[in-house]
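Colleague: You'll find input00.txt just under this line, and it carries compact mmCIF, C-alpha atoms.
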# COMPACT_ATOMS: atom_id res chain seq x y z
CA ASP A 1 88.64 104.68 88.77
CA GLY A 2 90.34 105.60 92.03
CA GLY A 3 93.70 104.08 92.67
CA ILE A 4 97.45 104.36 92.85
CA THR A 5 99.65 104.43 89.79
CA GLN A 6 103.37 103.88 89.65
CA SER A 7 105.65 104.43 86.70
CA PRO A 8 107.61 103.07 85.08
CA LYS A 9 106.84 99.40 85.62
CA TYR A 10 110.44 98.42 84.84
CA LEU A 11 113.48 100.66 85.19
CA PHE A 12 117.10 100.05 84.37
CA ARG A 13 119.84 102.19 85.78
CA LYS A 14 123.55 102.39 85.30
CA GLU A 15 125.72 102.54 88.38
CA GLY A 16 126.26 106.10 89.56
CA GLN A 17 122.99 107.43 88.16
CA ASN A 18 120.09 108.86 90.09
CA VAL A 19 116.62 107.69 89.07
CA THR A 20 113.16 108.88 90.11
CA LEU A 21 110.18 106.59 90.58
CA SER A 22 106.74 108.11 90.20
CA CYS A 23 103.76 107.49 92.50
CA GLU A 24 100.38 109.16 92.04
CA GLN A 25 97.09 108.57 93.86
CA ASN A 26 93.58 109.90 93.28
CA LEU A 27 92.08 108.43 96.45
CA ASN A 28 92.31 111.76 98.29
CA HIS A 29 94.49 110.05 100.90
CA ASP A 30 96.60 112.20 103.19
CA ALA A 31 99.40 109.70 103.84
CA MET A 32 101.74 108.09 101.34
CA TYR A 33 104.53 105.53 101.75
CA TRP A 34 107.44 103.95 99.90
CA TYR A 35 108.51 100.37 100.53
CA ARG A 36 111.27 98.21 99.17
CA GLN A 37 110.93 94.47 98.61
CA ASP A 38 113.89 92.16 98.03
CA PRO A 39 113.44 88.62 96.64
CA GLY A 40 111.87 86.22 99.13
CA GLN A 41 111.31 88.91 101.72
CA GLY A 42 108.62 91.14 103.08
CA LEU A 43 108.45 94.89 102.58
CA ARG A 44 110.58 97.46 104.37
CA LEU A 45 109.62 101.09 104.82
CA ILE A 46 111.83 103.69 103.11
CA TYR A 47 109.96 106.99 103.65
CA TYR A 48 106.47 108.14 104.53
CA SER A 49 104.54 111.37 104.39
CA GLN A 50 101.46 112.21 106.44
CA ILE A 51 100.82 115.58 104.85
CA VAL A 52 101.96 117.81 102.01
CA ASN A 53 105.45 119.29 102.47
CA ASP A 54 106.29 116.90 105.29
CA PHE A 55 107.93 113.48 105.22
CA GLN A 56 109.76 111.17 107.61
CA LYS A 57 112.47 108.55 107.24
CA GLY A 58 111.53 104.92 107.57
CA ASP A 59 113.82 102.01 108.42
CA ILE A 60 116.01 102.08 105.31
CA ALA A 61 116.10 105.72 104.10
CA GLU A 62 119.82 105.91 103.36
CA GLY A 63 120.47 106.50 99.68
CA TYR A 64 116.91 107.62 98.95
CA SER A 65 115.14 110.97 98.84
CA VAL A 66 111.50 112.02 98.47
CA SER A 67 109.35 115.09 98.04
CA ARG A 68 105.68 115.79 98.71
CA GLU A 69 104.72 119.00 96.94
CA LYS A 70 101.21 117.83 96.08
CA LYS A 71 98.79 115.62 97.96
CA GLU A 72 98.48 113.30 94.98
CA SER A 73 102.16 112.75 94.31
CA PHE A 74 105.07 111.23 96.25
CA PRO A 75 108.09 110.61 93.98
CA LEU A 76 111.06 108.60 95.21
CA THR A 77 114.61 109.28 94.01
CA VAL A 78 117.12 106.46 94.26
CA THR A 79 120.49 108.15 94.45
CA SER A 80 123.94 106.88 93.59
CA ALA A 81 124.57 106.63 97.34
CA GLN A 82 122.23 103.63 97.55
CA LYS A 83 124.65 100.70 97.46
CA ASN A 84 122.27 97.96 96.40
CA PRO A 85 119.27 99.54 94.68
CA THR A 86 118.10 96.55 92.63
CA ALA A 87 114.71 95.70 94.13
CA PHE A 88 110.94 95.96 93.73
CA TYR A 89 109.57 99.31 94.94
CA LEU A 90 106.00 99.68 96.13
CA CYS A 91 104.15 102.89 96.86
CA ALA A 92 101.12 102.96 99.16
CA SER A 93 98.62 105.45 100.53
CA SER A 94 96.19 105.58 103.43
CA PRO A 95 93.48 107.97 104.62
CA ARG A 96 95.09 108.68 108.00
CA ASP A 97 92.02 108.08 110.07
CA ARG A 98 92.54 107.68 113.80
CA GLY A 99 94.20 104.42 114.69
CA PRO A 100 95.70 101.83 112.38
CA ASP A 101 95.22 102.64 108.73
CA THR A 102 94.77 100.25 105.89
CA GLN A 103 97.45 101.00 103.34
CA TYR A 104 96.59 100.48 99.67
CA PHE A 105 99.36 99.71 97.25
CA GLY A 106 100.25 100.56 93.70
CA PRO A 107 101.44 97.99 91.14
CA GLY A 108 105.14 98.56 91.85
CA THR A 109 108.31 99.45 89.94
CA ARG A 110 111.05 96.91 89.40
CA LEU A 111 114.44 98.62 89.40
CA THR A 112 117.53 96.88 88.05
CA VAL A 113 121.01 98.32 88.21
CA LEU A 114 123.19 97.30 85.30
CA ALA B 115 111.35 94.29 119.26
CA GLN B 116 108.39 94.56 116.91
CA LYS B 117 108.28 91.54 114.65
CA ILE B 118 106.03 89.39 112.49
CA THR B 119 106.80 85.70 112.07
CA GLN B 120 105.37 83.52 109.34
CA THR B 121 106.75 80.03 109.82
CA GLN B 122 105.35 78.41 106.66
CA PRO B 123 107.46 79.27 103.60
CA GLY B 124 105.09 77.31 101.38
CA MET B 125 101.69 75.66 101.63
CA PHE B 126 99.70 73.40 99.31
CA VAL B 127 95.94 73.02 99.32
CA GLN B 128 93.42 71.23 97.16
CA GLU B 129 90.86 73.38 95.37
CA LYS B 130 87.67 73.90 97.43
CA GLU B 131 89.38 72.99 100.70
CA ALA B 132 90.11 75.41 103.54
CA VAL B 133 93.65 76.45 104.46
CA THR B 134 95.15 78.27 107.44
CA LEU B 135 98.21 80.49 107.09
CA ASP B 136 100.03 81.11 110.35
CA CYS B 137 101.16 84.47 111.71
CA THR B 138 102.56 85.37 115.11
CA TYR B 139 103.54 88.84 116.17
CA ASP B 140 105.62 90.47 118.84
CA THR B 141 104.91 93.91 120.25
CA SER B 142 104.71 95.59 123.63
CA ASP B 143 102.09 98.03 122.34
CA GLN B 144 98.52 97.65 123.57
CA SER B 145 97.09 99.21 120.44
CA TYR B 146 97.95 97.88 117.01
CA GLY B 147 96.44 96.73 113.78
CA LEU B 148 96.97 93.43 112.02
CA PHE B 149 96.64 93.03 108.27
CA TRP B 150 96.86 90.36 105.63
CA TYR B 151 97.89 91.10 102.06
CA LYS B 152 97.98 88.92 98.96
CA GLN B 153 100.74 89.34 96.39
CA PRO B 154 100.13 87.55 93.07
CA SER B 155 102.93 87.05 90.58
CA SER B 156 102.16 90.47 89.09
CA GLY B 157 103.65 92.00 92.24
CA GLU B 158 100.95 94.31 93.54
CA MET B 159 99.93 93.98 97.19
CA ILE B 160 96.20 93.40 97.61
CA PHE B 161 94.62 94.15 100.99
CA LEU B 162 92.56 91.24 102.28
CA ILE B 163 91.54 91.75 105.91
CA TYR B 164 92.15 93.86 109.02
CA GLN B 165 91.92 93.13 112.75
CA GLY B 166 92.27 95.76 115.44
CA SER B 167 93.87 94.80 118.73
CA TYR B 168 90.77 95.85 120.67
CA ASP B 169 88.32 94.08 118.38
CA GLU B 170 86.68 91.21 120.24
CA GLN B 171 85.22 89.54 117.18
CA ASN B 172 87.38 87.86 114.59
CA ALA B 173 87.36 89.77 111.31
CA THR B 174 85.77 88.23 108.24
CA GLU B 175 85.74 89.34 104.61
CA GLY B 176 84.01 86.95 102.26
CA ARG B 177 86.08 83.74 102.11
CA TYR B 178 88.75 85.25 104.38
CA SER B 179 88.66 85.19 108.14
CA LEU B 180 91.27 86.12 110.69
CA ASN B 181 91.66 83.86 113.71
CA PHE B 182 92.83 86.37 116.32
CA GLN B 183 94.21 84.96 119.57
CA LYS B 184 95.52 87.93 121.48
CA ALA B 185 97.01 86.06 124.42
CA ARG B 186 98.99 83.88 122.02
CA LYS B 187 99.82 86.86 119.80
CA SER B 188 98.66 85.05 116.73
CA ALA B 189 96.63 86.27 113.77
CA ASN B 190 96.16 83.35 111.41
CA LEU B 191 94.43 83.79 108.06
CA VAL B 192 91.83 81.21 107.11
CA ILE B 193 90.80 80.91 103.47
CA SER B 194 87.69 78.83 102.98
CA ALA B 195 86.83 77.03 99.74
CA SER B 196 90.18 77.69 98.05
CA GLN B 197 90.21 78.69 94.41
CA LEU B 198 92.96 78.39 91.80
CA GLY B 199 93.19 82.20 91.80
CA ASP B 200 94.21 82.12 95.47
CA SER B 201 97.69 80.89 94.48
CA ALA B 202 100.00 83.74 95.54
CA MET B 203 102.28 85.01 98.30
CA TYR B 204 100.50 86.02 101.48
CA PHE B 205 101.93 88.54 103.92
CA CYS B 206 100.93 89.24 107.48
CA ALA B 207 101.66 92.77 108.69
CA MET B 208 101.33 94.82 111.88
CA SER B 209 100.88 98.53 112.46
CA PRO B 210 101.85 99.39 116.05
CA ARG B 211 100.83 102.55 117.88
CA SER B 212 104.44 103.25 118.93
CA GLY B 213 105.19 103.81 115.26
CA GLY B 214 102.34 106.29 115.06
CA TYR B 215 100.51 103.67 113.04
CA ASN B 216 102.66 104.84 110.15
CA LYS B 217 104.73 101.76 109.69
CA LEU B 218 103.61 98.38 108.46
CA ILE B 219 105.92 95.65 109.72
CA PHE B 220 105.79 92.67 107.38
CA GLY B 221 106.54 89.00 107.79
CA ALA B 222 108.55 87.08 105.20
CA GLY B 223 105.41 85.68 103.61
CA THR B 224 103.90 82.29 102.81
CA ARG B 225 103.58 81.02 99.25
CA LEU B 226 100.25 79.28 98.74
CA ALA B 227 99.70 76.88 95.85
CA VAL B 228 96.16 75.71 95.11
CA HIS B 229 95.93 72.47 93.16
CA PRO B 230 92.91 71.40 91.06
Before anything else, please render the file you have as structure tokens.

Modeller:
Amino acid sequence: DGGITQSPKYLFRKEGQNVTLSCEQNLNHDAMYWYRQDPGQGLRLIYYSQIVNDFQKGDIAEGYSVSREKKESFPLTVTSAQKNPTAFYLCASSPRDRGPDTQYFGPGTRLTVL
Amino acid sequence: AQKITQTQPGMFVQEKEAVTLDCTYDTSDQSYGLFWYKQPSSGEMIFLIYQGSYDEQNATEGRYSLNFQKARKSANLVISASQLGDSAMYFCAMSPRSGGYNKLIFGAGTRLAVHP
């Protein structure tokens, strides 16, 4: 089945550690996105990529890094510079047609800093 | 400023009744997209319905319809014949042209509870 997978589902990190969240899609979508969701709030955009080997910062990129070496994959690294990383992280993809795109989401990764 | 406002933190509805979830938006762009997503307790975001700013007809998808009033900048979601499985968080989102249509701007969400 086509879709977006994220792993792991739950992740625990000690302060000062970097962690990488995986996002893979087999929808043949050009664009991929990372969002962060805090309790009781909507999503905020961290990074996005419209094409392989290119990515742009979103609204809250500080303390995060990404790579886009393959069309199917868009991993997110939460670095030790991110002051408050505990949150729910959602990856999305879209086909990048002309005009507004529908973004389709993966199941999410819940990150907790111990 | 580009913003989505959902004024109803929580809503209750009886099973089989219709419910309207409110959404207003603020943008100076002429071209934008409006979306509704459902987030059950499992956490994933499920796409429900889309309305383009130039679409003259209100969008419909099964039991979901979007009441689009452009002059009022509102994009309310109507769920007809509510089911117990509709209990979830619902988010309204906007994709403005000035963001290259790359960014989805989300509201804070409305929690819907469907009672039997």

Colleague: Please identify every residue of chain B that has at least one atom no more than 8 Å from any atom of chain A, counting all atoms listed in the file, and report them as number ranges by chain.

Modeller: B: 146-147, 149, 156-161, 164, 166, 205, 209-211, 215-223

Colleague: So that all listed atoms of range 164-178 of chain B fit with 8 Å spare on each side, what axis-aligned box centre and edge lengths in Å, to one decimal, would you give as JSON?

Modeller:
{"center_x": 88.9, "center_y": 89.8, "center_z": 111.4, "size_x": 25.9, "size_y": 28.1, "size_z": 34.6}

Colleague: How many Å separate CA of His29 in chain A from CA of Trp150 in chain B?

Modeller: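 For CA of His29 in chain A relative to CA of Trp150 in chain B, the distance reads 20.4 Å.
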
Colleague: If we count all atoms listed in the file and set the cut-off at 10 Å, which residues sit around Lys14 in chain A, ignoring sequence neighbours fewer than 6 positions away in its own chain? Please answer as a PyMOL selection string.

Modeller: chain A and resi 80+112-114

Colleague: Those residues you just picked out, can you put them in a file as a compact mmCIF listing (two decimals), in the coordinates of the input with C-alpha atoms?

Modeller:
# COMPACT_ATOMS: atom_id res chain seq x y z
CA SER A 80 123.94 106.88 93.59
CA THR A 112 117.53 96.88 88.05
CA VAL A 113 121.01 98.32 88.21
CA LEU A 114 123.19 97.30 85.30

Colleague: Between CA of Tyr10 in chain A and CA of Lys83 in chain A, what is the spacing in Å?

Modeller: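 Rounded to one decimal, the two atoms are 19.1 Å apart.
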
Colleague: If you measure from CA of Glu170 in chain B to CA of Lys117 in chain B, what distance in Å do you get, rounded to one decimal?

Modeller: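 For CA of Glu170 in chain B relative to CA of Lys117 in chain B, the distance reads 22.3 Å.
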
Colleague: Would you mind listing what lies within 10 Å of Pro85 in chain A as a PDB file with C-alpha atoms, in the frame of the given file, with only C-alpha atoms counted and same-chain residues fewer than 6 positions away left out?

Modeller:
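And here's result_26.pdb as it stands now:
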ATOM      1  CA  ARG A  13     119.840 102.190  85.780  1.00  0.00           C
ATOM      2  CA  GLU A  15     125.720 102.540  88.380  1.00  0.00           C
ATOM      3  CA  ARG A  36     111.270  98.210  99.170  1.00  0.00           C
ATOM      4  CA  ASP A  38     113.890  92.160  98.030  1.00  0.00           C
ATOM      5  CA  GLY A  63     120.470 106.500  99.680  1.00  0.00           C
ATOM      6  CA  TYR A  64     116.910 107.620  98.950  1.00  0.00           C
ATOM      7  CA  VAL A  78     117.120 106.460  94.260  1.00  0.00           C
ATOM      8  CA  THR A  79     120.490 108.150  94.450  1.00  0.00           C
ATOM      9  CA  LEU A 111     114.440  98.620  89.400  1.00  0.00           C
ATOM     10  CA  THR A 112     117.530  96.880  88.050  1.00  0.00           C
ATOM     11  CA  VAL A 113     121.010  98.320  88.210  1.00  0.00           C
TER      12      VAL A 113
END

Colleague: Around (87.3, 94.9, 108.6) in the file's frame, which residues reach within 8 Å when counting all atoms listed in the file? Return as an MDAnalysis selection string?

Modeller: chainID B and resid 163:165 173:175

Colleague: Using all atoms listed in the file, which residue out of B:Ser201, B:Gln153, B:Thr141, B:Asn181 lies closest to Ala115 in chain B?

Modeller: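 Smallest separation from Ala115 in chain B among the options: B:Thr141.
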
Colleague: Using all atoms listed in the file for the distances, tell me which of B:Asn172, B:Gln128, B:Ser155, B:Ser212 is nearest to Leu198 in chain B.

Modeller: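 Checking each candidate against Leu198 in chain B, we get B:Gln128 as the closest.
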